[in-house]
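For reference, protein06.cif is printed below; it contains mmCIF, C-alpha atoms.
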data_upload
loop_
_atom_site.label_atom_id
_atom_site.label_comp_id
_atom_site.auth_asym_id
_atom_site.auth_seq_id
_atom_site.Cartn_x
_atom_site.Cartn_y
_atom_site.Cartn_z
CA MET A 138 12.92 12.31 -9.58
CA SER A 139 16.35 13.11 -8.16
CA THR A 140 17.89 10.94 -5.46
CA VAL A 141 17.76 12.44 -1.95
CA ASP A 142 20.97 12.29 0.11
CA ILE A 143 20.59 11.10 3.69
CA VAL A 144 22.69 11.13 6.85
CA LEU A 145 21.88 8.53 9.51
CA ALA A 146 22.71 9.46 13.11
CA GLY A 147 22.79 6.30 15.21
CA ALA A 148 23.45 3.25 13.05
CA ARG A 149 23.76 0.57 15.72
CA GLY A 150 21.01 -0.96 17.82
CA HIS A 151 17.67 0.04 16.29
CA GLY A 152 19.68 2.05 13.79
CA ARG A 153 20.44 -1.21 11.98
CA TRP A 154 16.79 -1.31 10.93
CA HIS A 155 17.20 2.15 9.43
CA LEU A 156 20.31 1.03 7.56
CA GLU A 157 18.36 -1.81 5.96
CA ASN A 158 15.44 0.45 5.16
CA ILE A 159 17.72 3.05 3.58
CA ARG A 160 19.31 0.28 1.52
CA ARG A 161 15.84 -0.78 0.33
CA LEU A 162 15.02 2.76 -0.74
CA GLN A 163 18.48 3.22 -2.25
CA ASP A 164 17.89 0.12 -4.37
CA LYS A 165 14.73 1.83 -5.65
CA GLY A 166 16.73 4.92 -6.58
CA ILE A 167 14.89 7.13 -4.10
CA VAL A 168 17.65 7.94 -1.61
CA ARG A 169 21.41 7.67 -1.16
CA LEU A 170 23.15 7.13 2.15
CA ALA A 171 25.66 9.96 2.15
CA GLY A 172 26.85 9.78 5.74
CA ILE A 173 26.74 7.92 9.05
CA CYS A 174 27.19 9.66 12.39
CA GLU A 175 28.47 7.34 15.12
CA LEU A 176 30.91 7.87 17.97
CA THR A 177 32.86 4.90 16.61
CA PRO A 178 32.75 4.38 12.82
CA LEU A 179 30.97 1.31 11.52
CA THR A 180 33.22 -1.44 10.28
CA ALA A 181 32.85 -2.83 6.77
CA GLY A 182 31.13 -5.86 8.29
CA GLU A 183 28.52 -3.68 10.02
CA LEU A 184 27.55 -1.88 6.84
CA PRO A 185 24.97 -3.75 4.74
CA GLU A 186 26.04 -4.55 1.18
CA GLY A 187 24.89 -2.14 -1.46
CA LEU A 188 25.22 1.05 0.56
CA GLY A 189 28.59 2.02 -0.91
CA THR A 190 31.07 3.88 1.27
CA PRO A 191 29.19 6.66 3.06
CA GLU A 192 31.25 9.29 4.86
CA GLN A 193 31.50 8.64 8.60
CA SER A 194 32.02 11.12 11.41
CA ALA A 195 31.20 11.59 15.09
CA ASP A 196 30.46 15.29 14.37
CA PHE A 197 26.84 15.45 13.24
CA GLY A 198 26.87 19.08 12.13
CA ALA A 199 30.13 18.73 10.20
CA LEU A 200 28.79 15.61 8.51
CA LEU A 201 25.63 17.41 7.39
CA ASP A 202 27.77 20.22 6.03
CA SER A 203 30.24 18.02 4.16
CA THR A 204 27.65 15.70 2.62
CA GLY A 205 25.05 18.35 1.78
CA ALA A 206 22.40 15.84 2.91
CA ARG A 207 18.80 16.88 2.52
CA ILE A 208 17.41 14.52 5.19
CA ALA A 209 18.77 13.44 8.57
CA VAL A 210 17.47 10.25 10.18
CA ILE A 211 18.01 10.56 13.94
CA CYS A 212 18.07 7.29 15.87
CA THR A 213 20.15 8.23 18.89
CA PRO A 214 19.56 8.12 22.68
CA ILE A 215 16.33 9.85 23.68
CA PRO A 216 17.92 12.82 25.52
CA THR A 217 19.85 13.80 22.36
CA HIS A 218 16.84 14.03 20.06
CA THR A 219 15.96 17.69 20.49
CA ASP A 220 19.46 19.09 20.13
CA LEU A 221 20.28 16.96 17.08
CA ALA A 222 16.97 17.80 15.40
CA LEU A 223 17.60 21.51 15.94
CA GLU A 224 21.16 21.17 14.65
CA ALA A 225 19.78 19.68 11.44
CA ALA A 226 17.02 22.27 11.23
CA ARG A 227 19.49 25.16 11.50
CA ARG A 228 21.20 23.80 8.39
CA GLY A 229 17.94 23.49 6.45
CA VAL A 230 18.02 19.69 6.69
CA HIS A 231 14.69 17.84 7.00
CA ILE A 232 14.31 15.22 9.72
CA LEU A 233 13.00 11.75 10.45
CA LEU A 234 13.13 11.62 14.26
CA GLU A 235 12.78 8.32 16.10
CA LYS A 236 10.17 7.92 18.79
CA PRO A 237 9.80 9.06 21.48
CA PRO A 238 10.61 12.46 20.00
CA ALA A 239 11.75 13.88 23.36
CA PRO A 240 11.97 12.91 27.04
CA SER A 241 9.73 15.76 28.22
CA TYR A 242 6.95 17.95 26.87
CA ALA A 243 9.13 21.07 27.22
CA GLU A 244 11.88 19.49 25.11
CA PHE A 245 9.29 18.37 22.57
CA ARG A 246 7.92 21.90 22.24
CA ARG A 247 11.46 23.31 21.93
CA MET A 248 12.12 20.85 19.12
CA ALA A 249 8.82 21.37 17.31
CA GLU A 250 8.96 25.17 17.52
CA GLY A 251 12.59 25.29 16.44
CA VAL A 252 11.94 23.04 13.45
CA ALA A 253 8.92 25.11 12.42
CA ALA A 254 10.88 28.37 12.74
CA ALA A 255 13.64 26.94 10.56
CA GLY A 256 11.13 26.07 7.85
CA VAL A 257 12.10 22.40 7.63
CA VAL A 258 9.93 19.31 7.88
CA CYS A 259 10.05 16.76 10.70
CA GLN A 260 8.50 13.31 10.60
CA ILE A 261 8.19 11.44 13.92
CA GLY A 262 9.01 7.74 13.61
CA PHE A 263 5.76 6.12 14.73
CA GLN A 264 5.81 3.56 11.94
CA SER A 265 2.41 2.15 12.94
CA LEU A 266 0.80 5.45 11.90
CA GLY A 267 1.95 4.69 8.36
CA SER A 268 -0.23 1.59 8.31
CA HIS A 269 -3.07 1.71 5.80
CA ALA A 270 -5.15 0.06 8.52
CA VAL A 271 -5.35 3.37 10.41
CA PRO A 272 -7.44 5.26 7.80
CA ALA A 273 -9.38 2.05 7.10
CA ILE A 274 -10.36 1.73 10.76
CA ARG A 275 -11.24 5.40 10.92
CA GLN A 276 -13.51 4.86 7.91
CA LEU A 277 -15.21 1.89 9.59
CA ILE A 278 -15.82 4.02 12.68
CA ALA A 279 -17.17 6.90 10.59
CA GLU A 280 -19.53 4.53 8.80
CA GLY A 281 -20.91 3.31 12.13
CA ALA A 282 -19.68 -0.25 11.64
CA ILE A 283 -19.33 -0.73 15.41
CA GLY A 284 -21.96 1.79 16.48
CA GLU A 285 -20.88 4.77 18.53
CA LEU A 286 -17.21 4.87 19.51
CA VAL A 287 -16.86 4.30 23.27
CA GLY A 288 -13.10 4.24 23.81
CA VAL A 289 -9.84 2.56 22.86
CA GLY A 290 -7.67 0.09 24.77
CA GLY A 291 -4.10 -0.89 23.98
CA ALA A 292 -2.32 -4.06 25.09
CA GLY A 293 1.35 -4.94 24.92
CA ALA A 294 2.66 -8.12 26.55
CA TRP A 295 6.32 -8.33 25.61
CA ALA A 296 9.44 -9.77 27.18
CA ARG A 297 12.90 -8.33 27.50
CA PRO A 298 15.96 -10.00 29.03
CA GLU A 299 17.74 -8.38 31.93
CA SER A 300 20.58 -7.63 29.50
CA TYR A 301 18.19 -5.29 27.66
CA TYR A 302 18.69 -2.85 30.51
CA THR A 303 22.48 -2.98 30.38
CA ARG A 304 22.84 -2.53 26.60
CA ALA A 305 23.34 1.23 26.93
CA PRO A 306 23.94 3.66 29.82
CA TRP A 307 20.47 5.21 29.36
CA ALA A 308 18.52 1.94 29.08
CA GLY A 309 15.88 1.54 31.77
CA LYS A 310 16.68 4.97 33.22
CA ARG A 311 14.34 7.79 34.13
CA ARG A 312 17.24 10.22 34.37
CA LEU A 313 20.94 10.06 33.60
CA ASN A 314 23.44 12.61 34.92
CA GLY A 315 20.56 14.90 35.82
CA VAL A 316 18.99 14.73 32.34
CA ASP A 317 15.56 13.21 31.63
CA VAL A 318 15.56 9.91 29.75
CA ILE A 319 12.17 8.33 30.62
CA ASP A 320 12.93 4.98 28.99
CA GLY A 321 9.88 3.05 30.20
CA ALA A 322 7.61 0.41 28.69
CA LEU A 323 4.93 2.91 27.62
CA THR A 324 7.29 5.63 26.43
CA ASN A 325 9.70 3.58 24.33
CA PRO A 326 9.25 -0.11 23.36
CA LEU A 327 5.43 0.00 23.50
CA ALA A 328 5.04 3.69 22.66
CA HIS A 329 3.35 2.70 19.39
CA ALA A 330 0.42 1.26 21.35
CA VAL A 331 -0.10 4.65 23.03
CA ALA A 332 0.26 6.72 19.85
CA THR A 333 -1.92 4.36 17.78
CA GLY A 334 -4.64 4.21 20.40
CA LEU A 335 -4.75 8.00 20.58
CA ALA A 336 -4.85 8.24 16.77
CA LEU A 337 -7.79 5.84 16.45
CA ASN A 338 -9.64 7.75 19.16
CA GLY A 339 -9.17 11.00 17.22
CA SER A 340 -7.08 12.43 20.07
CA THR A 341 -3.63 13.11 18.68
CA ARG A 342 -2.98 16.72 19.68
CA ALA A 343 -1.85 17.99 23.06
CA GLU A 344 -5.07 19.91 23.58
CA ASP A 345 -7.06 16.68 23.18
CA VAL A 346 -5.75 15.40 26.54
CA THR A 347 -7.71 16.48 29.62
CA ARG A 348 -6.46 14.08 32.33
CA ILE A 349 -3.98 11.24 32.68
CA GLU A 350 -3.93 8.44 35.26
CA THR A 351 -0.77 6.36 35.56
CA GLU A 352 0.21 3.16 37.33
CA LEU A 353 3.93 2.51 37.00
CA LEU A 354 5.60 -0.61 38.35
CA ARG A 355 8.75 -2.64 37.79
CA ALA A 356 9.86 -6.21 38.33
CA ASN A 357 13.37 -5.56 37.05
CA ASP A 358 16.10 -3.77 38.99
CA ILE A 359 15.79 -0.56 36.97
CA GLU A 360 14.63 3.03 37.47
CA SER A 361 11.87 3.03 34.84
CA ASP A 362 8.65 1.06 34.57
CA ASP A 363 8.50 -2.35 32.92
CA THR A 364 4.88 -3.12 33.86
CA SER A 365 2.54 -0.17 33.64
CA CYS A 366 -0.76 1.21 32.47
CA VAL A 367 -2.21 4.59 31.69
CA ARG A 368 -5.70 5.96 31.13
CA ILE A 369 -6.05 9.15 29.14
CA SER A 370 -9.24 11.20 29.37
CA THR A 371 -9.82 13.20 26.20
CA ALA A 372 -11.66 16.24 24.94
CA GLN A 373 -13.60 13.85 22.70
CA GLY A 374 -15.17 12.35 25.83
CA ARG A 375 -13.72 8.88 25.22
CA PRO A 376 -10.93 7.26 27.24
CA VAL A 377 -7.79 5.66 25.87
CA THR A 378 -6.13 3.07 28.07
CA VAL A 379 -2.86 1.28 27.40
CA ALA A 380 -1.49 -1.58 29.47
CA ALA A 381 2.03 -2.80 28.90
CA THR A 382 4.59 -5.17 30.30
CA LEU A 383 8.07 -6.33 29.35
CA CYS A 384 7.69 -9.27 31.76
CA ALA A 385 5.13 -11.39 29.90
CA GLU A 386 4.90 -15.13 30.40
CA ASP A 387 4.09 -15.77 26.73
CA PRO A 388 5.03 -12.67 24.69
CA ASP A 389 2.69 -11.85 21.82
CA ASP A 390 2.09 -9.10 19.28
CA PRO A 391 0.72 -5.89 20.78
CA TYR A 392 -2.65 -4.61 19.64
CA VAL A 393 -5.15 -1.79 19.94
CA LEU A 394 -8.81 -2.54 20.66
CA VAL A 395 -11.45 -0.06 19.46
CA HIS A 396 -14.70 -0.35 21.44
CA GLY A 397 -18.07 0.61 19.98
CA THR A 398 -21.64 0.26 21.20
CA ARG A 399 -22.32 -2.50 18.63
CA GLY A 400 -18.94 -4.12 18.11
CA ARG A 401 -15.20 -3.75 18.25
CA ILE A 402 -12.12 -3.61 16.05
CA THR A 403 -8.80 -5.22 16.95
CA PHE A 404 -5.69 -3.86 15.24
CA TRP A 405 -2.41 -5.78 15.51
CA TYR A 406 -0.32 -2.82 14.47
CA LYS A 407 2.96 -4.63 13.85
CA GLN A 408 1.18 -6.94 11.40
CA ASP A 409 -1.15 -4.32 9.85
CA ARG A 410 -3.94 -6.82 10.57
CA VAL A 411 -7.51 -5.87 11.50
CA LEU A 412 -10.35 -7.94 12.96
CA LEU A 413 -13.86 -6.47 12.83
CA GLN A 414 -16.43 -8.00 15.18
CA ARG A 415 -19.93 -6.56 15.20
CA ALA A 416 -23.48 -7.41 16.05
CA ASP A 417 -25.38 -9.55 13.50
CA HIS A 418 -22.24 -10.24 11.43
CA GLY A 419 -19.54 -12.87 11.38
CA PRO A 420 -15.96 -11.80 12.13
CA GLU A 421 -14.20 -10.05 9.26
CA GLU A 422 -10.43 -9.95 8.96
CA TYR A 423 -8.36 -7.60 6.78
CA ASP A 424 -4.67 -7.32 5.97
CA HIS A 425 -3.37 -3.90 5.01
CA GLY A 426 -0.24 -2.43 3.51
CA ARG A 427 1.97 0.23 5.02
CA THR A 428 3.65 3.41 3.87
CA ASP A 429 7.22 3.70 5.08
CA LEU A 430 7.71 6.99 6.93
CA LEU A 431 11.08 7.80 5.35
CA GLU A 432 9.64 7.19 1.91
CA ASN A 433 6.65 9.36 2.83
CA LEU A 434 9.02 12.14 3.92
CA VAL A 435 10.88 11.94 0.61
CA ASP A 436 7.57 12.00 -1.29
CA HIS A 437 6.49 15.03 0.73
CA LEU A 438 9.66 16.88 -0.22
CA THR A 439 9.62 15.88 -3.88
CA ASP A 440 5.94 16.00 -4.84
CA GLY A 441 4.02 17.46 -1.89
CA THR A 442 2.49 14.26 -0.55
CA ASP A 443 0.92 14.87 2.87
CA LEU A 444 3.27 14.13 5.75
CA LEU A 445 1.90 11.27 7.87
CA VAL A 446 3.36 12.03 11.32
CA PRO A 447 4.33 15.69 11.82
CA PRO A 448 5.15 16.74 15.40
CA ASP A 449 1.72 18.19 16.16
CA VAL A 450 -0.01 14.82 15.81
CA THR A 451 2.26 13.41 18.53
CA GLY A 452 1.40 16.13 21.04
CA ALA A 453 -1.06 13.94 22.95
CA PHE A 454 1.51 11.15 23.15
CA MET A 455 4.02 13.63 24.56
CA LYS A 456 1.49 14.65 27.23
CA VAL A 457 1.53 10.99 28.29
CA VAL A 458 5.34 11.03 28.37
CA GLU A 459 5.19 14.14 30.55
CA ALA A 460 2.70 12.53 32.95
CA ILE A 461 5.00 9.53 33.30
CA ARG A 462 8.02 11.80 33.72
CA THR A 463 6.41 13.74 36.57
CA ALA A 464 4.81 10.72 38.27
CA PRO A 465 6.49 9.20 41.32
CA ASP A 466 9.21 6.72 40.43
CA PRO A 467 7.85 3.27 39.48
CA ALA A 468 7.19 1.05 42.47
CA PRO A 469 9.13 -2.20 42.73
CA LEU A 470 6.98 -5.30 42.74
CA PRO A 471 7.46 -7.62 45.69
CA GLU A 472 9.71 -10.58 44.95
CA SER A 473 6.68 -12.84 45.38
CA ALA A 474 5.11 -11.24 42.29
CA TRP A 475 7.82 -12.25 39.81
CA HIS A 476 10.40 -14.93 39.07
CA ARG A 477 13.31 -15.51 36.71
CA VAL A 478 12.88 -17.83 33.73
CA PRO A 479 15.64 -20.46 33.83
CA GLY A 480 18.05 -20.06 30.94
CA GLU A 481 16.32 -16.97 29.55
CA ASP A 482 17.85 -14.13 31.60
CA ARG A 483 14.46 -12.51 32.11
CA ARG A 484 11.92 -11.79 34.81
CA VAL A 485 8.30 -12.84 34.47
CA VAL A 486 5.23 -11.59 36.34
CA PRO A 487 2.77 -14.51 36.50
CA GLY A 488 -0.70 -13.53 35.31
CA VAL A 489 0.40 -10.26 33.77
CA ASP A 490 -0.48 -11.37 30.21
CA GLY A 491 -4.12 -11.78 31.19
CA LEU A 492 -4.06 -8.54 33.16
CA VAL A 493 -2.82 -6.59 30.14
CA ALA A 494 -5.56 -8.12 27.96
CA ALA A 495 -8.23 -7.43 30.58
CA SER A 496 -7.22 -3.77 30.75
CA ALA A 497 -7.62 -3.36 26.99
CA ASP A 498 -10.91 -5.25 27.09
CA THR A 499 -12.47 -3.21 29.90
CA LEU A 500 -10.64 0.15 29.62
CA ALA A 501 -9.66 -0.34 33.26
CA LEU A 502 -6.45 0.32 35.15
CA TYR A 503 -4.56 -2.53 36.80
CA SER A 504 -5.72 -1.46 40.26
CA GLU A 505 -9.36 -1.71 39.12
CA LEU A 506 -8.92 -5.35 38.06
CA ASP A 507 -8.56 -6.90 41.52
CA THR A 508 -4.80 -7.31 41.28
CA PRO A 509 -3.41 -7.47 44.83
CA TRP A 510 0.25 -6.88 43.91
CA VAL A 511 -0.69 -3.67 42.09
CA VAL A 512 -2.84 -2.34 44.91
CA ASP A 513 -0.19 -3.21 47.48
CA ALA A 514 2.71 -1.79 45.47
CA LEU A 515 1.31 1.44 44.13
CA PRO A 516 -1.80 3.50 44.74
CA LYS A 517 -3.12 5.11 41.58
CA GLU A 518 -1.27 8.32 40.64
CA VAL A 519 -3.06 11.01 38.69
CA SER A 520 -1.57 13.73 36.51
CA THR A 521 -3.71 16.40 34.94
#
Serialized structure, structure tokens:
Amino acid sequence: MSTVDIVLAGARGHGRWHLENIRRLQDKGIVRLAGICELTPLTAGELPEGLGTPEQSADFGALLDSTGARIAVICTPIPTHTDLALEAARRGVHILLEKPPAPSYAEFRRMAEGVAAAGVVCQIGFQSLGSHAVPAIRQLIAEGAIGELVGVGGAGAWARPESYYTRAPWAGKRRLNGVDVIDGALTNPLAHAVATGLALNGSTRAEDVTRIETELLRANDIESDDTSCVRISTAQGRPVTVAATLCAEDPDDPYVLVHGTRGRITFWYKQDRVLLQRADHGPEEYDHGRTDLLENLVDHLTDGTDLLVPPDVTGAFMKVVEAIRTAPDPAPLPESAWHRVPGEDRRVVPGVDGLVAASADTLALYSELDTPWVVDALPKEVST
């Protein structure tokens, strides 16, 4: 198998993870990092050992041309995703595009249609959908292990310091210079909970979404939501709810909870760990492997392996992004509902950890869980 040349656009921030992953695959002889696109070139100290001396340029198109790269990994600010993906597609370069793929459904469709017209392949970077737990859980559901599927709840109780929102001009913004960003808890840091919940419900495509209810709030002094929930009604007749916060008291790994009439399955998607609980059985726990999405893209190009996350299977997720984009701006929580943690530069909403878990457990919105600060701050908003 020949080595596939890659250009990475966006090598700082989360892009550092991609640098390490490319190095791992380069060590296996699968890929070669041919170029890095950054506004300011990486220093020798920022480049992991073993990656050689890739060409660097702030001009993405020129870098693709000069390197002859076959794949572009795009890990840049959200509003740039569509234009950079289309620039790669016009040159016949295949794409791994970080999530969220676009800040609006219209931009997502422009990207997906342009990529398809160019005849190139695009993988969307929902790494959790590469987990071997996903098909394993689907198999358990198909076998009736938890009875009839009732719905899916997602829970993400994370913490982010206030400096998280000053790390980049677009961080925590809904719009920047008149352009959509939509950098909220559900659309960016905990987007995997939304996409994974939809996948396990069998509701991945745009046409699977029939109605969306949103509750968007914020404790931090930002434009976007940091404490929010969403309930998605689907053509399959089963709801998907996701509750998220970046203001947790005790941050923990996010998970997706699959509800059945005779049991439930908990999937900690960052760990690839599954807990099966069902009637007349003891709890059963499974650890699964994971297929890396860049490696899967290379395998698709070299030997026809099925692509794990093409754009179409993120259509339902993008409908959620659109509902959040068009919802009223997130409501600020009253100062009585949150406090700063001494020495940690972060805001905490007392009780929010339990609220997030209760939402996943009951498939309910915050306002349906007798939470006064939610009811007072924001009536339920509905997008169809």
Which residue of A:Ala146, A:Leu445, A:Ala453, A:Ala308 approaches Thr371 (chain A) most closely, using all atoms listed in the file: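 Among the listed residues, the smallest separation from Thr371 (chain A) belongs to A:Ala453.
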Selection under test: the PyMOL selection byres ((chain A and resi 294) around 12); residues as number ranges by chain: A: 291-293, 295-297, 322-323, 326-327, 330, 363-366, 379-392, 485-497
Hits of the PyMOL selection byres ((chain A and resi 268-278) around 10) in this structure, as a ChimeraX atom specification: /A:263-267,279-286,333,336-339,395-397,401-413,423-430,445
Chain and number of each residue from the PyMOL selection byres ((chain A and resi 147) around 8), as a PyMOL selection string: chain A and resi 145-146+148-150+152+173-175+211-213
Write out, as JSON lines, each residue of region 198-256 of chain A that has an atom at most 12 Å from region 158-161 of chain A, together with the closest pair of atoms and their distance in Å to one decimal, counting only C-alpha atoms, rows going by chain and rising number.
{"residue": "A:Ile208", "atom": "CA", "partner": "A:Ile159", "partner_atom": "CA", "distance": 11.6}
{"residue": "A:Ala209", "atom": "CA", "partner": "A:Ile159", "partner_atom": "CA", "distance": 11.6}
{"residue": "A:Val210", "atom": "CA", "partner": "A:Ile159", "partner_atom": "CA", "distance": 9.8}
Generate a file of the selected residues that holds C-alpha atoms, formatted as a PDB file, in the frame of the given file.
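Output saved as out-v3.pdb:
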ATOM      1  CA  ILE A 208      17.410  14.520   5.190  1.00  0.00           C
ATOM      2  CA  ALA A 209      18.770  13.440   8.570  1.00  0.00           C
ATOM      3  CA  VAL A 210      17.470  10.250  10.180  1.00  0.00           C
TER       4      VAL A 210
END
Å distance separating CA of Asp164 (chain A) from CA of Arg207 (chain A), one decimal place: 18.1 Å
Spatial neighbours of Ala222 (chain A), 8 Å, all atoms listed in the file, chain gap at least 2 places, as a ChimeraX atom specification: /A:211,218-220,224-226,232,234,248,252
Non-local contacts of Ala199 (chain A) (12 Å; all atoms listed in the file; under 4 positions in same chain excluded) as a list in words: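 Near neighbours after the sequence-gap exclusion: Val144, Gly172, Ile173, Cys174, Glu192, Gln193, Ser194, Ala195, Ser203, Thr204, Gly205, Ala206, Glu224, Ala225 and Arg228 of chain A.
Distance check against Glu350 (chain A) using only C-alpha atoms: of A:Arg246, A:Val446, A:Leu184, A:Arg368, the minimum falls on A:Arg368.
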Spatial neighbours of region 465-477 of chain A, 6 Å, all atoms listed in the file, chain gap at least 6 places, as a count of residues only: 9
